[in-house]
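The structure under discussion appears below in the form of structure tokens.
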Amino acid sequence: MSEEHTSLKQIIKFRMEKLQKLRDAGVNPYPYFFKQSHYSGEIRENFDSLENKDVTIAGRIMSIRKMGKASFCHIQDGAGRIQTYIRRDDVGEESYTHFKLLDMGDYIGVKGYVFKTKTGEISIHAKTVTILSKSIRPLPIVKEKDGEIFDAFSDKEQRYRNRHLDLVVNPDIKEIFVKRAKIISMIRRFFDDRGFLEVETPVLQPLYGGANARPFITHHNSLDQDLYLRIADELYLKRLIIGGIDKVYELAKNFRNEGMDRNHNPEFTMLEWYQAYADYGFMMDFVEEMIRTVAEGVGSLQLNWGGIEVDLSKPFIRKPFLALLKEATGQDITGGDETQIKEICKEQGLSVPEKANYGQLLDELMKKLVEPNLIQPTFVIDYPKAISPLAKMHRNNNSEIVERFELFIGGAEFANAFSELNDPIDQRDRLETQEKLHAAGDEEAHPVDENFLQAVEYGMPPTGGVGVGVDRLVMLLTENRWIRDVILFPSLKTVKE
């Protein structure tokens, strides 16, 4: 009976019966070890030298045609698929009987010689077949004809919830994560080659900081105190700069208890680095070089990102924050107060909370009116101090502007950077102002981190620092518009069975 029109309960029952038959016949359906000599890709690529020679392969059965005295199946391993021809007279009657108890999804090992069928398909003519794992649940049904896929396992939510099945039946998905691994490897190489030290900082922190975000809270039983999952590793990395490590970076898992959308997942990967005696101008050049180097190393500088053509080969655009807001609103808000900014928000049709402070209003204008239009790589530079508590005051002596940039591509933020604030008096004033904002209802404002402030009081050199969202960089370089498509196991709401 075909599994296609059979209930899951019946399929599992039939497969359990086959499993028992194998065990009754003295076959261990879950052996400990099998030695391979080749992967399918090697056999295809080296057919001329391997033709008529013995190879040993292993993999999952992805299609199977059982006949009286001979059968065909396609085996999928880590390098693709290859056809296997199993004839009763070659493998023996007992082994062939066992083979006929197998299904799609089962793992087998095959030893045999390489040949081409009459239709020209490179295949393995089996001499022995070893059962390596009997599957109980069926794979999603995927039909393929003339290279075209039918009935694919394509429901995105089901794919995210069952990534193991997604990788099996949609082999192209694996390539996204292979590329992700290459991107991360190239990032490490880029920094290692430039004398940076990779470090690890605490995930569980007694006080969160380094970004404007809401944290996750947990409790440590032995210490009997609440701890926070880090929202950023910035304050710890700066302490290492203070300690004399002049170039430091971390590829960190961060956690923010916030909304979820195409660009946000509560758990995400962040690259942060700091360099003593550098400033935000140096870091702009550095970020541009890093992104271009990684993009060239894994693919192309010309990308199609959800229908948007992005060109990484040209110099990245640089525009001041307030100049972009003036272009968007037609008004110069330099030196404007909270009342004026609220009025502009109303004129632009933006709904903002009544208690929104000056910085939140500016941020809302930028998010709604400017950021979606920053398609080609653009550094937004020189931010208001009100939304940049860890950045140094601008060297032009404008006390309301700081040396900060954010990089936007395709309307999404990719990097955030500062000439780091190393004046301990100014830093304390900024964090105390943030604490007041938090008390007034701004849940994303920074707390005062006394240990960090004391570290800065020991003396911190001029420093440039940057944070880059690794998941978003992977999204861009793999041409995926949803963050869940580049995270193997994205956060999802639990569904009750």
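In the structure tokens, the first chain shown is A, the next is B, and so on; residue numbers restart at 1 for each chain, and ligands run from 1 in the order shown.
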
For A:Asp54, find every residue with an atom within 8 Å (counting only C-alpha atoms), except residues of its own chain fewer than 3 positions away, and show them as a PDB file with N, CA, C and O atoms, in the first residue's frame.
```
ATOM      1  N   LEU A  50      36.751   6.353 -11.400  1.00  0.00           N
ATOM      2  CA  LEU A  50      36.108   5.398 -10.487  1.00  0.00           C
ATOM      3  C   LEU A  50      35.240   4.368 -11.197  1.00  0.00           C
ATOM      4  O   LEU A  50      34.772   3.411 -10.558  1.00  0.00           O
ATOM      5  N   LYS A 111      28.016  -1.202  -0.546  1.00  0.00           N
ATOM      6  CA  LYS A 111      29.311  -1.415  -1.188  1.00  0.00           C
ATOM      7  C   LYS A 111      29.041  -1.983  -2.571  1.00  0.00           C
ATOM      8  O   LYS A 111      28.229  -2.906  -2.735  1.00  0.00           O
ATOM      9  N   GLY A 112      29.675  -1.386  -3.566  1.00  0.00           N
ATOM     10  CA  GLY A 112      29.463  -1.853  -4.929  1.00  0.00           C
ATOM     11  C   GLY A 112      30.349  -1.100  -5.907  1.00  0.00           C
ATOM     12  O   GLY A 112      31.163  -0.259  -5.498  1.00  0.00           O
ATOM     13  N   TYR A 113      30.176  -1.380  -7.197  1.00  0.00           N
ATOM     14  CA  TYR A 113      31.035  -0.719  -8.186  1.00  0.00           C
ATOM     15  C   TYR A 113      30.261   0.368  -8.922  1.00  0.00           C
ATOM     16  O   TYR A 113      29.034   0.340  -9.064  1.00  0.00           O
ATOM     17  N   VAL A 114      31.020   1.350  -9.409  1.00  0.00           N
ATOM     18  CA  VAL A 114      30.445   2.517 -10.068  1.00  0.00           C
ATOM     19  C   VAL A 114      30.193   2.203 -11.536  1.00  0.00           C
ATOM     20  O   VAL A 114      31.048   1.625 -12.220  1.00  0.00           O
TER      21      VAL A 114
END
```

Subject >> Exercise: A:Arg188 partners within 10 Å, only C-alpha atoms, chain neighbours under 5 positions left out, as a PyMOL selection string >> reply: chain A and resi 182-183+193+196-198+249-251+271

Original post:
A:Tyr39, A:Tyr85, A:Phe153, A:Tyr236: which is nearest A:Glu272, counting only C-alpha atoms?
Top reply: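 Selected residue with least distance to A:Glu272: A:Tyr236.
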
Apply DSSP to the structure's backbone, then extract all residues of stretch 260-378 of chain A labelled strand (DSSP E) and return them as an mmCIF file with C-alpha atoms, in the first residue's frame.
```cif
data_model
loop_
_atom_site.group_PDB
_atom_site.id
_atom_site.type_symbol
_atom_site.label_atom_id
_atom_site.label_comp_id
_atom_site.auth_asym_id
_atom_site.auth_seq_id
_atom_site.Cartn_x
_atom_site.Cartn_y
_atom_site.Cartn_z
ATOM 1 C CA GLU A 267 18.147 35.280 20.299
ATOM 2 C CA PHE A 268 20.613 36.559 17.720
ATOM 3 C CA THR A 269 24.297 36.644 16.858
ATOM 4 C CA MET A 270 26.227 39.881 17.207
ATOM 5 C CA LEU A 271 29.771 40.730 16.195
ATOM 6 C CA GLU A 272 31.315 43.453 18.351
ATOM 7 C CA TRP A 273 34.839 44.781 18.236
ATOM 8 C CA TYR A 274 36.854 47.586 19.815
ATOM 9 C CA GLN A 275 40.153 49.134 18.882
ATOM 10 C CA ALA A 276 42.152 51.480 21.062
ATOM 11 C CA GLN A 302 26.056 42.611 -6.513
ATOM 12 C CA LEU A 303 23.086 41.158 -4.663
ATOM 13 C CA ASN A 304 19.348 40.839 -5.207
ATOM 14 C CA TRP A 305 17.846 41.153 -1.744
ATOM 15 C CA ILE A 308 16.202 45.117 -4.201
ATOM 16 C CA GLU A 309 19.432 45.418 -6.156
ATOM 17 C CA VAL A 310 22.268 46.122 -3.699
ATOM 18 C CA ASP A 311 25.758 47.068 -4.909
ATOM 19 C CA ILE A 317 27.142 56.722 1.232
ATOM 20 C CA ARG A 318 27.660 58.904 4.335
ATOM 21 C CA LYS A 319 24.935 61.335 5.521
ATOM 22 C CA PRO A 320 24.311 63.116 8.859
ATOM 23 C CA THR A 378 24.535 54.195 3.780
#
```

**OP:** Give the alpha helix (DSSP H) residues of stretch 9-219 of chain A, as DSSP finds them on the backbone, and put them as an NGL selection string.
**Re:** :A and (9-24 or 40-45 or 47-50 or 88-91 or 93-99 or 156-161 or 163-169 or 171-193)

Subject >> Separation of atom CA of A:Asn416 from atom CA of A:Arg404, in Å and rounded to one decimal >> reply: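 Separation between atom CA of A:Asn416 and atom CA of A:Arg404: 7.5 Å.
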